[in-house]
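To be precise, the following lines are start19.txt, and they hold compact mmCIF, N, CA and C atoms.
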```
# COMPACT_ATOMS: atom_id res chain seq x y z
N GLU A 1 63.01 -8.28 -18.62
CA GLU A 1 63.89 -7.21 -19.07
C GLU A 1 63.21 -5.85 -18.92
N ALA A 2 61.94 -5.78 -19.27
CA ALA A 2 61.21 -4.51 -19.14
C ALA A 2 61.12 -4.09 -17.67
N MET A 3 60.93 -5.03 -16.76
CA MET A 3 60.85 -4.72 -15.34
C MET A 3 62.20 -4.23 -14.82
N SER A 4 63.29 -4.83 -15.30
CA SER A 4 64.62 -4.39 -14.89
C SER A 4 64.88 -2.96 -15.35
N ARG A 5 64.49 -2.65 -16.58
CA ARG A 5 64.65 -1.28 -17.09
C ARG A 5 63.84 -0.29 -16.26
N GLU A 6 62.63 -0.66 -15.91
CA GLU A 6 61.78 0.23 -15.12
C GLU A 6 62.35 0.43 -13.71
N ALA A 7 62.94 -0.60 -13.14
CA ALA A 7 63.49 -0.52 -11.78
C ALA A 7 64.63 0.48 -11.67
N ILE A 8 65.36 0.71 -12.76
CA ILE A 8 66.49 1.65 -12.71
C ILE A 8 66.17 2.99 -13.36
N ARG A 9 64.93 3.16 -13.85
CA ARG A 9 64.53 4.44 -14.44
C ARG A 9 64.20 5.41 -13.31
N PRO A 10 64.83 6.58 -13.31
CA PRO A 10 64.55 7.55 -12.23
C PRO A 10 63.06 7.86 -12.15
N GLN A 11 62.52 7.77 -10.95
CA GLN A 11 61.12 8.06 -10.71
C GLN A 11 60.92 9.53 -10.34
N HIS A 12 61.98 10.16 -9.81
CA HIS A 12 61.95 11.59 -9.55
C HIS A 12 63.38 12.09 -9.49
N THR A 13 63.57 13.38 -9.74
CA THR A 13 64.91 13.96 -9.66
C THR A 13 65.16 14.48 -8.26
N MET A 14 66.42 14.52 -7.90
CA MET A 14 66.83 15.09 -6.62
C MET A 14 67.46 16.43 -6.95
N ASP A 15 66.69 17.48 -6.86
CA ASP A 15 67.12 18.82 -7.22
C ASP A 15 68.05 19.36 -6.14
N ASP A 16 69.29 18.89 -6.15
CA ASP A 16 70.25 19.23 -5.11
C ASP A 16 71.53 19.74 -5.76
N PRO A 17 71.73 21.05 -5.87
CA PRO A 17 72.93 21.59 -6.53
C PRO A 17 74.23 21.11 -5.87
N TYR A 18 74.23 20.94 -4.53
CA TYR A 18 75.43 20.46 -3.85
C TYR A 18 75.79 19.06 -4.33
N LEU A 19 74.81 18.16 -4.40
CA LEU A 19 75.05 16.80 -4.85
C LEU A 19 75.50 16.78 -6.31
N SER A 20 74.89 17.60 -7.14
CA SER A 20 75.29 17.67 -8.54
C SER A 20 76.72 18.14 -8.68
N ALA A 21 77.12 19.13 -7.88
CA ALA A 21 78.50 19.63 -7.92
C ALA A 21 79.46 18.55 -7.43
N MET A 22 79.08 17.83 -6.39
CA MET A 22 79.93 16.77 -5.86
C MET A 22 80.13 15.66 -6.89
N LEU A 23 79.08 15.34 -7.65
CA LEU A 23 79.18 14.30 -8.67
C LEU A 23 79.85 14.81 -9.94
N GLY A 24 80.04 16.13 -10.03
CA GLY A 24 80.70 16.71 -11.18
C GLY A 24 79.85 16.69 -12.44
N THR A 25 78.55 16.80 -12.29
CA THR A 25 77.66 16.78 -13.45
C THR A 25 76.59 17.85 -13.30
N PRO A 26 76.25 18.52 -14.38
CA PRO A 26 75.16 19.48 -14.29
C PRO A 26 73.79 18.81 -14.26
N ASP A 27 73.74 17.53 -14.62
CA ASP A 27 72.48 16.79 -14.61
C ASP A 27 72.08 16.50 -13.18
N PHE A 28 70.83 16.78 -12.86
CA PHE A 28 70.38 16.46 -11.51
C PHE A 28 70.26 14.95 -11.36
N PRO A 29 70.78 14.43 -10.26
CA PRO A 29 70.64 13.00 -10.01
C PRO A 29 69.17 12.63 -9.81
N GLY A 30 68.88 11.36 -9.98
CA GLY A 30 67.52 10.87 -9.78
C GLY A 30 67.51 9.68 -8.85
N TYR A 31 66.32 9.29 -8.46
CA TYR A 31 66.17 8.13 -7.59
C TYR A 31 65.15 7.20 -8.23
N ALA A 32 65.55 5.96 -8.43
CA ALA A 32 64.67 4.94 -9.00
C ALA A 32 64.14 4.09 -7.85
N PHE A 33 63.82 2.85 -8.09
CA PHE A 33 63.33 1.96 -7.04
C PHE A 33 64.51 1.40 -6.27
N GLY A 34 65.04 2.19 -5.33
CA GLY A 34 66.17 1.77 -4.52
C GLY A 34 67.52 2.03 -5.17
N TRP A 35 67.55 2.66 -6.31
CA TRP A 35 68.79 2.92 -7.04
C TRP A 35 68.95 4.42 -7.26
N PHE A 36 70.18 4.91 -7.12
CA PHE A 36 70.49 6.29 -7.47
C PHE A 36 70.93 6.30 -8.92
N SER A 37 70.52 7.30 -9.65
CA SER A 37 70.85 7.42 -11.06
C SER A 37 71.46 8.79 -11.30
N ALA A 38 72.62 8.82 -11.97
CA ALA A 38 73.27 10.10 -12.27
C ALA A 38 74.20 9.92 -13.46
N ALA A 39 74.63 11.01 -14.01
CA ALA A 39 75.63 10.95 -15.08
C ALA A 39 77.00 10.80 -14.44
N PHE A 40 77.84 9.97 -15.03
CA PHE A 40 79.23 9.79 -14.59
C PHE A 40 80.10 9.85 -15.83
N ARG A 41 80.85 10.94 -15.95
CA ARG A 41 81.72 11.14 -17.12
C ARG A 41 80.95 10.96 -18.42
N GLY A 42 79.75 11.52 -18.44
CA GLY A 42 78.94 11.49 -19.65
C GLY A 42 78.15 10.22 -19.87
N ARG A 43 78.21 9.28 -18.93
CA ARG A 43 77.49 8.02 -19.07
C ARG A 43 76.47 7.88 -17.93
N ARG A 44 75.43 7.15 -18.18
CA ARG A 44 74.41 6.90 -17.16
C ARG A 44 74.97 5.91 -16.15
N HIS A 45 74.94 6.30 -14.88
CA HIS A 45 75.44 5.46 -13.79
C HIS A 45 74.30 5.16 -12.84
N ILE A 46 74.17 3.90 -12.46
CA ILE A 46 73.18 3.45 -11.49
C ILE A 46 73.94 2.84 -10.32
N GLY A 47 73.57 3.18 -9.10
CA GLY A 47 74.30 2.62 -7.97
C GLY A 47 73.53 2.71 -6.67
N HIS A 48 74.04 1.99 -5.69
CA HIS A 48 73.48 2.02 -4.34
C HIS A 48 74.53 1.47 -3.39
N GLY A 49 74.59 2.03 -2.21
CA GLY A 49 75.54 1.57 -1.20
C GLY A 49 74.85 1.41 0.13
N GLY A 50 75.55 0.79 1.06
CA GLY A 50 74.99 0.62 2.39
C GLY A 50 76.07 0.32 3.41
N ASN A 51 75.78 0.61 4.66
CA ASN A 51 76.72 0.38 5.77
C ASN A 51 75.96 -0.19 6.94
N ILE A 52 76.60 -1.14 7.64
CA ILE A 52 76.05 -1.67 8.89
C ILE A 52 77.16 -2.40 9.65
N ASP A 53 77.22 -2.19 10.93
CA ASP A 53 78.13 -2.92 11.83
C ASP A 53 79.55 -3.03 11.29
N GLY A 54 80.12 -1.92 10.83
CA GLY A 54 81.50 -1.92 10.37
C GLY A 54 81.72 -2.48 8.97
N MET A 55 80.66 -2.79 8.26
CA MET A 55 80.78 -3.30 6.89
C MET A 55 80.18 -2.27 5.94
N ALA A 56 80.69 -2.24 4.72
CA ALA A 56 80.17 -1.31 3.71
C ALA A 56 80.13 -2.01 2.35
N THR A 57 79.13 -1.66 1.57
CA THR A 57 79.02 -2.20 0.22
C THR A 57 78.70 -1.06 -0.75
N MET A 58 79.05 -1.27 -1.98
CA MET A 58 78.69 -0.35 -3.05
C MET A 58 78.48 -1.16 -4.31
N VAL A 59 77.34 -0.98 -4.95
CA VAL A 59 77.03 -1.62 -6.23
C VAL A 59 76.86 -0.49 -7.23
N GLY A 60 77.56 -0.58 -8.33
CA GLY A 60 77.43 0.45 -9.35
C GLY A 60 77.55 -0.18 -10.73
N PHE A 61 76.79 0.35 -11.68
CA PHE A 61 76.92 -0.15 -13.03
C PHE A 61 76.57 0.92 -14.05
N LEU A 62 77.12 0.72 -15.23
CA LEU A 62 76.85 1.56 -16.39
C LEU A 62 76.03 0.69 -17.33
N PRO A 63 74.70 0.74 -17.24
CA PRO A 63 73.86 -0.20 -17.97
C PRO A 63 74.00 -0.11 -19.49
N ASP A 64 74.29 1.07 -20.00
CA ASP A 64 74.41 1.21 -21.45
C ASP A 64 75.71 0.62 -21.99
N ASP A 65 76.67 0.39 -21.08
CA ASP A 65 77.96 -0.17 -21.47
C ASP A 65 78.17 -1.61 -21.03
N GLY A 66 77.22 -2.15 -20.26
CA GLY A 66 77.35 -3.53 -19.79
C GLY A 66 78.44 -3.72 -18.76
N ILE A 67 78.71 -2.69 -17.95
CA ILE A 67 79.77 -2.74 -16.95
C ILE A 67 79.14 -2.62 -15.56
N GLY A 68 79.60 -3.45 -14.62
CA GLY A 68 79.12 -3.37 -13.25
C GLY A 68 80.21 -3.74 -12.27
N VAL A 69 80.16 -3.17 -11.07
CA VAL A 69 81.16 -3.43 -10.03
C VAL A 69 80.43 -3.55 -8.70
N VAL A 70 80.86 -4.50 -7.89
CA VAL A 70 80.37 -4.66 -6.52
C VAL A 70 81.58 -4.62 -5.61
N ARG A 71 81.52 -3.79 -4.58
CA ARG A 71 82.64 -3.69 -3.63
C ARG A 71 82.10 -3.87 -2.23
N CYS A 72 82.73 -4.75 -1.48
CA CYS A 72 82.38 -5.01 -0.09
C CYS A 72 83.63 -4.82 0.76
N VAL A 73 83.53 -4.07 1.84
CA VAL A 73 84.66 -3.88 2.75
C VAL A 73 84.18 -3.97 4.18
```
Taking this structure as input, can you express it in the form of structure tokens?
Amino acid sequence: EAMSREAIRPQHTMDDPYLSAMLGTPDFPGYAFGWFSAAFRGRRHIGHGGNIDGMATMVGFLPDDGIGVVRCV
């Protein structure tokens, strides 16, 4: 459990005003171990997506609320 918490803890912030405006949050997004971390409607959101050969995936979850979604197209 401690390792899982550490894996999603932002290791550095991404000081990008454009990205913050796009996400609709004044909080600067962060990057953990392969996970993006940002505020979403006042809640901590962790996510990651990827694309290859016409396929796309997105994994996102709100760890403090116990909610997660995986989308593959």
Query raised in the report: Can you tell me how far atom CA of Ala7 of chain A sits from atom CA of Val69 of chain A, in Å to one decimal?
Result: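 Separating atom CA of Ala7 of chain A from atom CA of Val69 of chain A is a distance of 18.0 Å.
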Query raised in the report: Any idea what's packed within 8 Å of segment 53-59 of chain A, counting only C-alpha atoms, ignoring anything in its chain fewer than 4 positions away? Could you give it as number ranges by chain?
Result: A: 47-49, 68-73
Selected residues, N, CA and C atoms, written as a PDB file, in the coordinates of the input, please.
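The resulting part_2.pdb:
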```
ATOM      1  N   GLY A  47      73.570   3.180  -9.100  1.00  0.00           N
ATOM      2  CA  GLY A  47      74.300   2.620  -7.970  1.00  0.00           C
ATOM      3  C   GLY A  47      73.530   2.710  -6.670  1.00  0.00           C
ATOM      4  N   HIS A  48      74.040   1.990  -5.690  1.00  0.00           N
ATOM      5  CA  HIS A  48      73.480   2.020  -4.340  1.00  0.00           C
ATOM      6  C   HIS A  48      74.530   1.470  -3.390  1.00  0.00           C
ATOM      7  N   GLY A  49      74.590   2.030  -2.210  1.00  0.00           N
ATOM      8  CA  GLY A  49      75.540   1.570  -1.200  1.00  0.00           C
ATOM      9  C   GLY A  49      74.850   1.410   0.130  1.00  0.00           C
ATOM     10  N   GLY A  68      79.600  -3.450 -14.620  1.00  0.00           N
ATOM     11  CA  GLY A  68      79.120  -3.370 -13.250  1.00  0.00           C
ATOM     12  C   GLY A  68      80.210  -3.740 -12.270  1.00  0.00           C
ATOM     13  N   VAL A  69      80.160  -3.170 -11.070  1.00  0.00           N
ATOM     14  CA  VAL A  69      81.160  -3.430 -10.030  1.00  0.00           C
ATOM     15  C   VAL A  69      80.430  -3.550  -8.700  1.00  0.00           C
ATOM     16  N   VAL A  70      80.860  -4.500  -7.890  1.00  0.00           N
ATOM     17  CA  VAL A  70      80.370  -4.660  -6.520  1.00  0.00           C
ATOM     18  C   VAL A  70      81.580  -4.620  -5.610  1.00  0.00           C
ATOM     19  N   ARG A  71      81.520  -3.790  -4.580  1.00  0.00           N
ATOM     20  CA  ARG A  71      82.640  -3.690  -3.630  1.00  0.00           C
ATOM     21  C   ARG A  71      82.100  -3.870  -2.230  1.00  0.00           C
ATOM     22  N   CYS A  72      82.730  -4.750  -1.480  1.00  0.00           N
ATOM     23  CA  CYS A  72      82.380  -5.010  -0.090  1.00  0.00           C
ATOM     24  C   CYS A  72      83.630  -4.820   0.760  1.00  0.00           C
ATOM     25  N   VAL A  73      83.530  -4.070   1.840  1.00  0.00           N
ATOM     26  CA  VAL A  73      84.660  -3.880   2.750  1.00  0.00           C
ATOM     27  C   VAL A  73      84.180  -3.970   4.180  1.00  0.00           C
TER      28      VAL A  73
END
```
Query raised in the report: Taking all atoms listed in the file into account, which of A:Arg41, A:Gly34, A:Asp65, A:Pro29 comes nearest Ile8 of chain A?
Result: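 Among the listed residues, the smallest separation from Ile8 of chain A belongs to A:Gly34.
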Query raised in the report: To one decimal place, how far is atom C of Arg9 of chain A from atom N of His45 of chain A in Å?
Result: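 Separation of atom C of Arg9 of chain A and atom N of His45 of chain A: 10.9 Å.
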Query raised in the report: Could you state the separation of atom CA of His12 of chain A and atom CA of Phe61 of chain A in Å, given to one decimal place?
Result: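 Those two atoms sit 19.3 Å apart.
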Report summary line: If you count only C-alpha atoms, the residue of A:Ile67, A:Ile52, A:Met3, A:Ile46 closest to Ala32 of chain A turns out to be A:Ile46
